[in-house]
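Below: one structure, written as structure tokens.
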Amino acid sequence: MTQQVALFVTCLVDLMRPRIGFAAIRALEAAGCDVIVPQGQTCCGQPALNSGDRDHAAALAKQTIAALEPYAAIIVPSGSCAGTIRCHYPEIFADDAQWLPRAQAVAAKTHEVMAYLDDVLGWKPDGVSLDATATYHDSCSGLRELGIKAQPRRLLKAVDGLKLAPLAGEETCCGFGGTFCVKYPAISNAIVGEKANAIDATGADLLLAGDLGCLMNMAGKLHRDGSTVRAFHAIELIAGMGDGPAIGEEP
Amino acid sequence: MNARDAILGRLRGAAPDAAQAAALLVAPERPAVDESALEAEFLARLALPSVSASHDAIDTIADLPAAIARYLDAQGEAPTLCLPPDPRLDPCDWRGFTLHDVAAPAEVAALAIARRGIAETGSLIFETSPAAPMLPNFLALHHIVLLATRDIAPYLEDAPLPGTQPRAHYWITGVSGTTDIEGTYVRGAHGPRFLHVILLRG
Amino acid sequence: MSGFDTRAAAALADSTLKTAVERTAGTAEAKRTLAVAAFPDFEAARTRAAAIKDHVIAHLGHYLEQFEANAIAAGAQVHWAATADEACRIVVDICRKANAKNVARSKSMLGEEIGLQHALAEAGIGRIETDLAEHIIQLADERPSHIIWPAMHKTREQVSALFKAKHRTPHEEDSIAAMAESARRELREQMLGADVGISGANFLIADTGAVCTVTNEGNAELSLVPPRVHIVTAGIEKIVPSMPHAVHMLRMLARSATGAALTQYTTFYTGPKRAHDRDGPEEMHIVLVDNGRTNMREEGLADMLRCIRCGACMNHCVVFRQIGGHAYGGTYPGPMGAVLTPALDGLAPNRDLVQACTLNGKCQEVCPVRIPLPTLLKGWREKSWREGLEPTSMRMGLGLWAWVARRPALYRLATGLALRAMRLLGRRGWIETLPLAGGWTRHRAMPRPAASSFMAQYRKERRP
Ligand code: SF4
């Protein structure tokens with residue numbers, strides 16, 4: 001029995017690192033899903049929502065809901081975008097009798113990709129191997145809005161040859177915060193500087209996380225600091241794509 | 001309009017349901033206390049670094065002066081004591097002590113009788129009364145507390161007495177301490193630097 | 001640069017500040033973690049604490065009247081103040097009537113909030129801050145930088161130098177214990193000579209009329225018992241229905257603030273000295289202060305009135321840990337300050353506070369009364385956007401993004417062009433400077449995007 005799922009790619013993955021989207025498709029297909037990519041999708045509206053721009057956030061939310069609601073399950077390779085749809089869409093339409101039920105219905109069937117593979121499908125990568133040591137950063141929205149903590153670690157454990165090195169302060173924010181990092185660059189830099197030091201101190205070859213925004217922030221800082229740690233979205237390793245170019249190695 | 005009416009005017013609403021307020025107290029989350037071993041539980045808390053109290057035990061109230069003399073001697077202090085005017089201390093023979101009943105600004109030692117001890121936290125519960133002044137217990141360098149073991153109760157909920165409240169009701173859990181400089185704990189910024197509990201058994 | 005930006009930049013450049021904040025907040029974080037782990041079901045306890053405060057806030061008028069009646073029955077005098085100025089006037093009047101030359105103050109954030117120290121100074125009344133940290137702040141003529149550790153921003157070396165310059169018989173040995181001893185010597189006589197003692201309240205007990213203070217030094221009791229008059233200034237949200245409710249809140253407060261099971265000195269004051277008592281004040285006055293709280297209750301910030309001022313949110317805040325408390329510019333720093341300050345002092349001058357947050361949610365996770373601080377900050381952001389307080393560049397940028405993002409075909413075209421332009425700027429995978437994104441590339445590199453977007457590649461590789 002194949003389960004049909006829709007992939008919400010997220011604007012950042014679409015533009016900056018398509019491999020994450022393809023990795024999600026590959027893992028979902030390996031887990032027996034039939035993956036559709038609805039064409040009407042762009043951005044979930046999170047930047048507008050977090051900036052207080054309620055009108056634009058609502059407009060983008062409506063577009064996203066309309067694009068995704070025909071599908072049985074919606075899978076997102078980002079904890080913060082999945083969190084926006086699951087937790088915040090119903091809040092946006094709390095006083096809108098017409099859109100609230102639609103927002104709630106979409107929210108209920110939206111899942112972050114690793115949580116879906118592990119919690120819902122009980123799937124594990126099979127025959128995937130990578131000889132490396134990785135450390136994992138828990139991105140805040142996924143961790144605190146969706147409770148994503150054990151799932152990526154369980155999935156990564158099934159990758160042959162991959163060792164996980166614990167990251168001191170793994171639950172501490174990396175200082176990205178969406179528009180925060182450009183509105184308050186100096187504060188953001190101080191935060192990510194400490195994060196980069198902690199990552200380097202693990203001695204790991206790879207940095208993994210579940211949110212591209214945080215990964216770009218940390219990888220960009222590691223690169224500027226001259227670190228050799230390479231960064232991937234965890235789903236890339238889980239899907240067997242950990243041998244490709246890391247973030248910042250796009251040909 | 002005066003401030004009282006202005007504030008209360010904006011806070012009008014349904015009267016609180018007493019049952020609802022009580023329901024908020026059902027089965028409170030709190031540290032487990034072995035109620036069959038209250039004294040041991042209490043003493044274990046007293047010894048925690050955050051409480052840092054020492055203790056001794058006596059069988060009758062008449063043994064109290066000797067216990068205090070022992071303690072002060074071990075601390076290298078002279079046998080001088082600020083004593084509350086409490087008739088329960090009448091059986092004590094204070095020969096050898098310099099006593100006073102008004103505490104000096106730099107009082108060395110003061111005795112107080114705790115109304116209760118709380119095993120959950122190692123707290124000592126006091127109330128003011130004409131026989132129980134409050135200030136000496138804060139001025140003294142050494143606060144010496146008499147506590148009857150039968151007055152040890154398991155939980156903080158057991159600390160308050162129902163009915164009319166005393167003028168002040170105070171719970172002491174350890175020696176005066178501060179972490180105001182770099183978060184580092186040091187003893188005695190203001191209150192007693194030493195807390196010594198003498199258990200009255202039997 | 002805004003005032004916030006300037007202060008934050010100064011803080012970031014101050015490595016001593018970073019050391020000081022890290023030492024105290026780091027210790028507090030570690031101790032809280034241990035205390036919470038040792039407590040059976042802290043999550044359920046947080047839910048209960050939130051429910052107790054919600055119950056009180058929903059019935060605040062009734063509980064305040066009940067408290068007032070019981071406090072009066074115990075012999076206290078109860079005053080009401082709608083504003084900070086009114087509260088200060090009441091306190092100064094009481095001090096004048098008592099012919100007070102000196103007041104001893106036990107640390108109270110409400111006192112800071114209403115500007116009591118200035119009001120006393122203007123009235124020519126001497127003030128002795130008795131809390132060790134407040135004493136440090138007073139000697140340095142600074143403002144508190146944390147609600148539990150007001151002198152968190154100072155290192156031991158700075159405190160040592162300050163005491164050596166200002167104390168009559170300062171410490172000789174350079175240990176923290178010796179510094180505390182120096183303060184004890186300096187303050188003991190001074191506070192015993194005060195005419196009036198002023199405190200805040202951690203809790204007001206409705207069914208007994210008692211005022212509860214919590215200190216770890218015993219300075220509250222030494223400040224409040226000897227003087228002839230005790231004045232309490234308390235926010236109206238400090239009420240709890242009864243002693244057992246207070247017990248639950250005390251358990252939460254101590255663990256969240258310092259990791260202790262209970263703070264060393266927890267005292268409940270019920271009226272003035274009774275007949276034949278040997279000590280205690282002859283008069284006790286309680287000033288119940290609104291100062292914007294009824295507004296908050298009506299304007300979507302009722303959740304914030306649950307706050308018990310434990311400081312956990314700031315100890316765990318990545319932004320606070322970098323910039324310390326002074327950068328926030330208000331009485332209350334950190335996440336709770338970012339929510340409260342716009343309510344107390346207006347949004348326009350404080351719009352940075354509600355923006356300078358990554359919305360990582362850690363504060364909400366540790367808050368003992370489950371205040372949804374990120375949600376409240378987002379509420380302020382919406383207001384700021386509606387009122388046009390956000391910079392034009394941000395408004396136009398987001399507006400343009402949203403306009404394009406709502407037209408998927410145009411979006412694919414526009415982003416495809418942007419990607420191509422962006423790729424031209426990078427070499428070997430990284431872009432080191434990116435026009436319009438200087439905030440990013442000043443501190444970190446930007447990964448060079450792939451040759452085409454996911455959507456373009458997907459359409460090429462797969463069936464539509
Ligand atoms: S908001 Fe919560 S965590 Fe912060 S001070 Fe208030 S009660 Fe403590």
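Ligands are numbered from 1 in the order shown, chains are lettered A, B, ... in the order of the structure tokens, and residues start at 1 in each chain.
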
How close does chain C get to ligand 1? List, as JSON lines, each residue of chain C within 8 Å, its nearest atom pair and the distance in Å to one decimal, counting only C-alpha atoms and all ligand atoms.
```
{"residue": "C:Ile147", "atom": "CA", "partner": "ligand 1", "partner_atom_place_in_ligand_line": "5 (S)", "distance": 7.8}
{"residue": "C:Leu253", "atom": "CA", "partner": "ligand 1", "partner_atom_place_in_ligand_line": "8 (Fe)", "distance": 7.7}
{"residue": "C:Ser256", "atom": "CA", "partner": "ligand 1", "partner_atom_place_in_ligand_line": "8 (Fe)", "distance": 7.1}
{"residue": "C:Ala257", "atom": "CA", "partner": "ligand 1", "partner_atom_place_in_ligand_line": "8 (Fe)", "distance": 7.5}
{"residue": "C:Met304", "atom": "CA", "partner": "ligand 1", "partner_atom_place_in_ligand_line": "1 (S)", "distance": 6.9}
{"residue": "C:Arg306", "atom": "CA", "partner": "ligand 1", "partner_atom_place_in_ligand_line": "7 (S)", "distance": 6.8}
{"residue": "C:Cys307", "atom": "CA", "partner": "ligand 1", "partner_atom_place_in_ligand_line": "6 (Fe)", "distance": 3.8}
{"residue": "C:Ile308", "atom": "CA", "partner": "ligand 1", "partner_atom_place_in_ligand_line": "7 (S)", "distance": 4.4}
{"residue": "C:Arg309", "atom": "CA", "partner": "ligand 1", "partner_atom_place_in_ligand_line": "5 (S)", "distance": 3.8}
{"residue": "C:Cys310", "atom": "CA", "partner": "ligand 1", "partner_atom_place_in_ligand_line": "8 (Fe)", "distance": 3.9}
{"residue": "C:Gly311", "atom": "CA", "partner": "ligand 1", "partner_atom_place_in_ligand_line": "5 (S)", "distance": 4.0}
{"residue": "C:Ala312", "atom": "CA", "partner": "ligand 1", "partner_atom_place_in_ligand_line": "3 (S)", "distance": 4.3}
{"residue": "C:Cys313", "atom": "CA", "partner": "ligand 1", "partner_atom_place_in_ligand_line": "3 (S)", "distance": 4.0}
{"residue": "C:Met314", "atom": "CA", "partner": "ligand 1", "partner_atom_place_in_ligand_line": "4 (Fe)", "distance": 6.5}
{"residue": "C:Gly334", "atom": "CA", "partner": "ligand 1", "partner_atom_place_in_ligand_line": "4 (Fe)", "distance": 8.0}
{"residue": "C:Pro335", "atom": "CA", "partner": "ligand 1", "partner_atom_place_in_ligand_line": "4 (Fe)", "distance": 6.7}
{"residue": "C:Met336", "atom": "CA", "partner": "ligand 1", "partner_atom_place_in_ligand_line": "1 (S)", "distance": 4.7}
{"residue": "C:Cys363", "atom": "CA", "partner": "ligand 1", "partner_atom_place_in_ligand_line": "3 (S)", "distance": 6.3}
{"residue": "C:Gln364", "atom": "CA", "partner": "ligand 1", "partner_atom_place_in_ligand_line": "3 (S)", "distance": 7.1}
{"residue": "C:Val366", "atom": "CA", "partner": "ligand 1", "partner_atom_place_in_ligand_line": "3 (S)", "distance": 6.1}
{"residue": "C:Cys367", "atom": "CA", "partner": "ligand 1", "partner_atom_place_in_ligand_line": "3 (S)", "distance": 3.6}
{"residue": "C:Pro368", "atom": "CA", "partner": "ligand 1", "partner_atom_place_in_ligand_line": "7 (S)", "distance": 5.6}
{"residue": "C:Val369", "atom": "CA", "partner": "ligand 1", "partner_atom_place_in_ligand_line": "7 (S)", "distance": 5.7}
{"residue": "C:Arg370", "atom": "CA", "partner": "ligand 1", "partner_atom_place_in_ligand_line": "2 (Fe)", "distance": 6.6}
{"residue": "C:Ile371", "atom": "CA", "partner": "ligand 1", "partner_atom_place_in_ligand_line": "2 (Fe)", "distance": 5.8}
{"residue": "C:Leu373", "atom": "CA", "partner": "ligand 1", "partner_atom_place_in_ligand_line": "1 (S)", "distance": 7.0}
```

* chain C contacts to chain A at 6 Å (only C-alpha atoms) as a list of chain:residue names ->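 The selection requested is C:Thr358, C:Asn360, C:Arg381, C:Glu382, C:Trp385, C:Ala405, C:Gly429, C:Trp430, C:Gly439, C:Trp440, C:Arg444, C:Ala445, C:Met446, C:Pro447, C:Arg448, C:Pro449, C:Ala450, C:Ser453, C:Phe454.
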
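Contact shell of segment 141-144 of chain B at 9 Å (only C-alpha atoms; same-chain neighbours under 3 positions omitted): Ile68, Leu72, Ala106, Glu107, Val108, Ala109, Ala110, Leu111, Ala112, Ile113, Pro136, Asn137, Phe138, Val175, Gly188, Gly191, Pro192, Arg193, Phe194, Leu195, His196, Val197 and Ile198 of chain B.
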
* **Test item: chain B residues at most 6 Å from chain C, counting only C-alpha atoms, as a ChimeraX atom specification** => /B:3-4,8,11-12,16,29,31,129-130,133,157,167-174,176-178,180,182-183,186,189-191

Keeping only N, CA and C atoms, write the selected residues as a PDB file, in the first residue's frame.
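Contents of out_4.pdb, as written:
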```pdb
ATOM      1  N   ALA B   3      -8.080  56.200  43.341  1.00  0.00           N
ATOM      2  CA  ALA B   3      -7.374  55.102  42.664  1.00  0.00           C
ATOM      3  C   ALA B   3      -8.017  53.757  42.979  1.00  0.00           C
ATOM      4  N   ARG B   4      -8.444  53.603  44.223  1.00  0.00           N
ATOM      5  CA  ARG B   4      -9.023  52.314  44.605  1.00  0.00           C
ATOM      6  C   ARG B   4     -10.240  51.989  43.740  1.00  0.00           C
ATOM      7  N   LEU B   8     -10.410  48.946  41.061  1.00  0.00           N
ATOM      8  CA  LEU B   8     -11.389  47.874  41.274  1.00  0.00           C
ATOM      9  C   LEU B   8     -12.509  47.928  40.245  1.00  0.00           C
ATOM     10  N   LEU B  11     -11.753  45.869  37.438  1.00  0.00           N
ATOM     11  CA  LEU B  11     -11.492  44.456  37.725  1.00  0.00           C
ATOM     12  C   LEU B  11     -12.747  43.710  38.170  1.00  0.00           C
ATOM     13  N   ARG B  12     -13.896  44.347  37.965  1.00  0.00           N
ATOM     14  CA  ARG B  12     -15.139  43.667  38.347  1.00  0.00           C
ATOM     15  C   ARG B  12     -15.289  42.369  37.578  1.00  0.00           C
ATOM     16  N   PRO B  16     -14.954  34.603  42.733  1.00  0.00           N
ATOM     17  CA  PRO B  16     -14.252  33.335  42.548  1.00  0.00           C
ATOM     18  C   PRO B  16     -15.010  32.197  43.208  1.00  0.00           C
ATOM     19  N   GLU B  29       2.259  18.702  43.293  1.00  0.00           N
ATOM     20  CA  GLU B  29       3.558  18.105  42.986  1.00  0.00           C
ATOM     21  C   GLU B  29       4.523  18.622  44.047  1.00  0.00           C
ATOM     22  N   PRO B  31       8.376  17.365  46.477  1.00  0.00           N
ATOM     23  CA  PRO B  31       9.385  16.319  46.676  1.00  0.00           C
ATOM     24  C   PRO B  31       8.837  15.228  47.584  1.00  0.00           C
ATOM     25  N   SER B 129       5.742  36.462  68.900  1.00  0.00           N
ATOM     26  CA  SER B 129       4.789  36.624  70.005  1.00  0.00           C
ATOM     27  C   SER B 129       5.548  37.400  71.067  1.00  0.00           C
ATOM     28  N   PRO B 130       4.872  37.824  72.123  1.00  0.00           N
ATOM     29  CA  PRO B 130       5.612  38.523  73.174  1.00  0.00           C
ATOM     30  C   PRO B 130       6.772  37.686  73.711  1.00  0.00           C
ATOM     31  N   PRO B 133      10.624  37.253  70.237  1.00  0.00           N
ATOM     32  CA  PRO B 133      11.023  38.358  69.379  1.00  0.00           C
ATOM     33  C   PRO B 133      11.696  37.821  68.114  1.00  0.00           C
ATOM     34  N   GLU B 157       3.260  22.617  53.213  1.00  0.00           N
ATOM     35  CA  GLU B 157       1.838  22.897  53.461  1.00  0.00           C
ATOM     36  C   GLU B 157       1.520  22.802  54.954  1.00  0.00           C
ATOM     37  N   ARG B 167       1.828  38.075  64.032  1.00  0.00           N
ATOM     38  CA  ARG B 167       2.296  39.300  63.385  1.00  0.00           C
ATOM     39  C   ARG B 167       3.310  38.947  62.284  1.00  0.00           C
ATOM     40  N   ALA B 168       4.213  38.072  62.561  1.00  0.00           N
ATOM     41  CA  ALA B 168       5.112  37.607  61.514  1.00  0.00           C
ATOM     42  C   ALA B 168       5.345  36.121  61.674  1.00  0.00           C
ATOM     43  N   HIS B 169       5.462  35.514  60.551  1.00  0.00           N
ATOM     44  CA  HIS B 169       5.538  34.088  60.477  1.00  0.00           C
ATOM     45  C   HIS B 169       6.703  33.875  59.534  1.00  0.00           C
ATOM     46  N   TYR B 170       7.810  33.256  60.001  1.00  0.00           N
ATOM     47  CA  TYR B 170       8.967  33.191  59.112  1.00  0.00           C
ATOM     48  C   TYR B 170       9.589  31.817  59.050  1.00  0.00           C
ATOM     49  N   TRP B 171      10.002  31.486  57.851  1.00  0.00           N
ATOM     50  CA  TRP B 171      10.529  30.165  57.557  1.00  0.00           C
ATOM     51  C   TRP B 171      12.008  30.324  57.235  1.00  0.00           C
ATOM     52  N   ILE B 172      12.821  29.686  58.006  1.00  0.00           N
ATOM     53  CA  ILE B 172      14.262  29.794  57.779  1.00  0.00           C
ATOM     54  C   ILE B 172      14.792  28.463  57.243  1.00  0.00           C
ATOM     55  N   THR B 173      15.433  28.537  56.107  1.00  0.00           N
ATOM     56  CA  THR B 173      15.933  27.335  55.447  1.00  0.00           C
ATOM     57  C   THR B 173      17.416  27.537  55.170  1.00  0.00           C
ATOM     58  N   GLY B 174      18.197  27.377  56.206  1.00  0.00           N
ATOM     59  CA  GLY B 174      19.635  27.500  56.014  1.00  0.00           C
ATOM     60  C   GLY B 174      20.197  28.804  56.515  1.00  0.00           C
ATOM     61  N   SER B 176      22.257  32.437  56.242  1.00  0.00           N
ATOM     62  CA  SER B 176      22.240  33.570  55.328  1.00  0.00           C
ATOM     63  C   SER B 176      23.299  33.342  54.261  1.00  0.00           C
ATOM     64  N   GLY B 177      22.902  33.511  53.017  1.00  0.00           N
ATOM     65  CA  GLY B 177      23.865  33.296  51.935  1.00  0.00           C
ATOM     66  C   GLY B 177      23.606  34.283  50.823  1.00  0.00           C
ATOM     67  N   THR B 178      24.566  34.441  49.978  1.00  0.00           N
ATOM     68  CA  THR B 178      24.352  35.309  48.825  1.00  0.00           C
ATOM     69  C   THR B 178      25.091  34.740  47.630  1.00  0.00           C
ATOM     70  N   ASP B 180      25.274  37.044  45.048  1.00  0.00           N
ATOM     71  CA  ASP B 180      25.179  38.302  44.312  1.00  0.00           C
ATOM     72  C   ASP B 180      26.459  38.690  43.584  1.00  0.00           C
ATOM     73  N   GLU B 182      29.043  37.380  41.161  1.00  0.00           N
ATOM     74  CA  GLU B 182      29.385  36.357  40.171  1.00  0.00           C
ATOM     75  C   GLU B 182      28.673  35.029  40.388  1.00  0.00           C
ATOM     76  N   GLY B 183      27.526  35.055  41.033  1.00  0.00           N
ATOM     77  CA  GLY B 183      26.784  33.815  41.209  1.00  0.00           C
ATOM     78  C   GLY B 183      27.444  32.832  42.164  1.00  0.00           C
ATOM     79  N   VAL B 186      28.371  32.493  48.891  1.00  0.00           N
ATOM     80  CA  VAL B 186      29.131  32.666  50.130  1.00  0.00           C
ATOM     81  C   VAL B 186      28.147  32.904  51.263  1.00  0.00           C
ATOM     82  N   ALA B 189      25.795  37.308  54.265  1.00  0.00           N
ATOM     83  CA  ALA B 189      25.898  38.716  53.905  1.00  0.00           C
ATOM     84  C   ALA B 189      25.262  39.573  54.994  1.00  0.00           C
ATOM     85  N   HIS B 190      24.181  39.080  55.577  1.00  0.00           N
ATOM     86  CA  HIS B 190      23.464  39.879  56.577  1.00  0.00           C
ATOM     87  C   HIS B 190      23.076  39.076  57.809  1.00  0.00           C
ATOM     88  N   GLY B 191      22.398  37.979  57.584  1.00  0.00           N
ATOM     89  CA  GLY B 191      21.864  37.214  58.706  1.00  0.00           C
ATOM     90  C   GLY B 191      22.907  36.268  59.263  1.00  0.00           C
TER      91      GLY B 191
END
```

* Can you check which residues of segment 1-155 of chain B DSSP gives as alpha helix (DSSP H) on the backbone and send them as a ChimeraX atom specification? => /B:3-10,18-23,38-46,64-74,136-139

* Extract, using only C-alpha atoms, all DNA, RNA and protein residues at most 8 Å from segment 89-93 of chain B, discarding same-chain residues fewer than 2 positions from it, and format them as a PyMOL selection string. => chain B and resi 61-65+86-87+95

Export, as an mmCIF file, in the first residue's frame, the selected residues with N, CA and C atoms.
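The result, written out as out_6.cif:
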```cif
data_model
loop_
_atom_site.group_PDB
_atom_site.id
_atom_site.type_symbol
_atom_site.label_atom_id
_atom_site.label_comp_id
_atom_site.auth_asym_id
_atom_site.auth_seq_id
_atom_site.Cartn_x
_atom_site.Cartn_y
_atom_site.Cartn_z
ATOM 1 N N ILE B 61 14.607 19.200 78.221
ATOM 2 C CA ILE B 61 14.900 20.619 78.053
ATOM 3 C C ILE B 61 16.024 21.061 78.997
ATOM 4 N N ALA B 62 16.141 20.364 80.114
ATOM 5 C CA ALA B 62 17.186 20.723 81.080
ATOM 6 C C ALA B 62 18.592 20.505 80.521
ATOM 7 N N ASP B 63 18.674 19.678 79.463
ATOM 8 C CA ASP B 63 19.983 19.423 78.838
ATOM 9 C C ASP B 63 20.393 20.526 77.865
ATOM 10 N N LEU B 64 19.489 21.459 77.646
ATOM 11 C CA LEU B 64 19.750 22.472 76.610
ATOM 12 C C LEU B 64 20.992 23.324 76.879
ATOM 13 N N PRO B 65 21.142 23.887 78.107
ATOM 14 C CA PRO B 65 22.320 24.748 78.311
ATOM 15 C C PRO B 65 23.630 24.023 78.024
ATOM 16 N N ASP B 86 10.808 33.014 77.084
ATOM 17 C CA ASP B 86 9.833 31.941 76.856
ATOM 18 C C ASP B 86 9.792 31.036 78.085
ATOM 19 N N PRO B 87 8.627 30.902 78.706
ATOM 20 C CA PRO B 87 8.526 30.099 79.941
ATOM 21 C C PRO B 87 8.926 28.638 79.745
ATOM 22 N N ARG B 95 23.709 28.715 84.489
ATOM 23 C CA ARG B 95 24.957 29.096 85.153
ATOM 24 C C ARG B 95 26.144 28.937 84.202
#
```

* Residue list (strand (DSSP E), DSSP) for segment 71-239 of chain A, as a PyMOL selection string -> chain A and resi 74-76+110-112+129-136+160-164+206-209+230-233

* Asked: Do you know which residues are at most 8 Å from Thr121 of chain B counting only C-alpha atoms, after dropping those on the same chain fewer than 2 positions away, and could you put them as a ChimeraX atom specification?
  -> /B:42,45-46,118-119,123,155-156,173 /C:261-262

Writing out the chosen residues with all heavy atoms as an mmCIF file, in the first residue's frame:
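result17.cif written:
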```
data_model
loop_
_atom_site.group_PDB
_atom_site.id
_atom_site.type_symbol
_atom_site.label_atom_id
_atom_site.label_comp_id
_atom_site.auth_asym_id
_atom_site.auth_seq_id
_atom_site.Cartn_x
_atom_site.Cartn_y
_atom_site.Cartn_z
ATOM 1 N N PHE B 42 14.342 15.113 57.713
ATOM 2 C CA PHE B 42 14.616 16.500 58.081
ATOM 3 C C PHE B 42 16.115 16.743 58.210
ATOM 4 O O PHE B 42 16.665 17.701 57.660
ATOM 5 C CB PHE B 42 13.884 16.826 59.390
ATOM 6 C CG PHE B 42 14.178 18.187 59.928
ATOM 7 C CD1 PHE B 42 13.603 19.322 59.360
ATOM 8 C CD2 PHE B 42 15.043 18.358 61.015
ATOM 9 C CE1 PHE B 42 13.883 20.583 59.864
ATOM 10 C CE2 PHE B 42 15.326 19.614 61.514
ATOM 11 C CZ PHE B 42 14.739 20.735 60.935
ATOM 12 N N ARG B 45 18.011 16.982 54.941
ATOM 13 C CA ARG B 45 17.874 18.294 54.276
ATOM 14 C C ARG B 45 18.721 19.358 54.969
ATOM 15 O O ARG B 45 19.294 20.222 54.326
ATOM 16 C CB ARG B 45 16.412 18.724 54.246
ATOM 17 C CG ARG B 45 15.656 18.471 52.959
ATOM 18 C CD ARG B 45 15.713 17.029 52.511
ATOM 19 N NE ARG B 45 14.761 16.697 51.489
ATOM 20 C CZ ARG B 45 13.960 15.622 51.564
ATOM 21 N NH1 ARG B 45 13.989 14.820 52.610
ATOM 22 N NH2 ARG B 45 13.140 15.347 50.573
ATOM 23 N N LEU B 46 18.764 19.277 56.304
ATOM 24 C CA LEU B 46 19.567 20.267 57.057
ATOM 25 C C LEU B 46 21.027 20.239 56.625
ATOM 26 O O LEU B 46 21.709 21.258 56.610
ATOM 27 C CB LEU B 46 19.542 19.932 58.551
ATOM 28 C CG LEU B 46 18.504 20.523 59.462
ATOM 29 C CD1 LEU B 46 18.922 20.251 60.908
ATOM 30 C CD2 LEU B 46 18.281 21.998 59.252
ATOM 31 N N ILE B 118 10.281 21.363 58.905
ATOM 32 C CA ILE B 118 9.663 20.806 57.703
ATOM 33 C C ILE B 118 10.664 19.893 57.003
ATOM 34 O O ILE B 118 11.729 20.334 56.571
ATOM 35 C CB ILE B 118 9.194 21.929 56.749
ATOM 36 C CG1 ILE B 118 8.211 22.873 57.457
ATOM 37 C CG2 ILE B 118 8.598 21.342 55.474
ATOM 38 C CD1 ILE B 118 6.901 22.239 57.890
ATOM 39 N N ALA B 119 10.308 18.625 56.916
ATOM 40 C CA ALA B 119 11.234 17.635 56.363
ATOM 41 C C ALA B 119 11.508 17.874 54.880
ATOM 42 O O ALA B 119 12.612 17.643 54.404
ATOM 43 C CB ALA B 119 10.662 16.231 56.572
ATOM 44 N N SER B 123 13.332 23.210 56.598
ATOM 45 C CA SER B 123 12.979 24.562 57.062
ATOM 46 C C SER B 123 12.599 24.550 58.536
ATOM 47 O O SER B 123 12.047 23.570 59.050
ATOM 48 C CB SER B 123 11.781 25.100 56.274
ATOM 49 O OG SER B 123 12.097 25.178 54.915
ATOM 50 N N TYR B 155 5.631 18.359 55.011
ATOM 51 C CA TYR B 155 5.605 19.260 53.857
ATOM 52 C C TYR B 155 5.429 20.726 54.233
ATOM 53 O O TYR B 155 4.910 21.054 55.294
ATOM 54 C CB TYR B 155 4.456 18.855 52.913
ATOM 55 C CG TYR B 155 4.627 17.473 52.372
ATOM 56 C CD1 TYR B 155 3.810 16.425 52.811
ATOM 57 C CD2 TYR B 155 5.623 17.191 51.445
ATOM 58 C CE1 TYR B 155 3.970 15.134 52.322
ATOM 59 C CE2 TYR B 155 5.806 15.903 50.948
ATOM 60 C CZ TYR B 155 4.976 14.880 51.395
ATOM 61 O OH TYR B 155 5.145 13.608 50.920
ATOM 62 N N LEU B 156 5.790 21.584 53.309
ATOM 63 C CA LEU B 156 5.619 23.022 53.533
ATOM 64 C C LEU B 156 4.165 23.392 53.763
ATOM 65 O O LEU B 156 3.875 24.366 54.458
ATOM 66 C CB LEU B 156 6.165 23.814 52.335
ATOM 67 C CG LEU B 156 7.692 23.902 52.254
ATOM 68 C CD1 LEU B 156 8.110 24.500 50.922
ATOM 69 C CD2 LEU B 156 8.240 24.731 53.413
ATOM 70 N N THR B 173 15.433 28.537 56.107
ATOM 71 C CA THR B 173 15.933 27.335 55.447
ATOM 72 C C THR B 173 17.416 27.537 55.170
ATOM 73 O O THR B 173 17.811 27.914 54.077
ATOM 74 C CB THR B 173 15.150 27.101 54.132
ATOM 75 O OG1 THR B 173 13.750 27.224 54.394
ATOM 76 C CG2 THR B 173 15.456 25.728 53.555
ATOM 77 N N ALA C 261 15.515 24.552 46.897
ATOM 78 C CA ALA C 261 14.184 24.006 47.181
ATOM 79 C C ALA C 261 13.294 25.092 47.789
ATOM 80 O O ALA C 261 12.087 25.119 47.583
ATOM 81 C CB ALA C 261 14.296 22.827 48.130
ATOM 82 N N LEU C 262 13.919 25.973 48.553
ATOM 83 C CA LEU C 262 13.220 27.114 49.129
ATOM 84 C C LEU C 262 14.281 28.159 49.447
ATOM 85 O O LEU C 262 15.392 27.809 49.840
ATOM 86 C CB LEU C 262 12.479 26.702 50.418
ATOM 87 C CG LEU C 262 11.526 27.739 50.999
ATOM 88 C CD1 LEU C 262 10.337 27.963 50.061
ATOM 89 C CD2 LEU C 262 10.995 27.296 52.367
#
```

* Asked: Residues at most 9 Å from Asn350 of chain C, counting only C-alpha atoms, excluding those fewer than 4 positions away in the same chain, as a ChimeraX atom specification?
  -> /C:4,328-330,338,341-342,345-346,354

* Distance in Å - atom CA of Leu212 of chain A versus atom CA of His137 of chain A ->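 We find that atom CA of Leu212 of chain A and atom CA of His137 of chain A lie 11.6 Å from each other.
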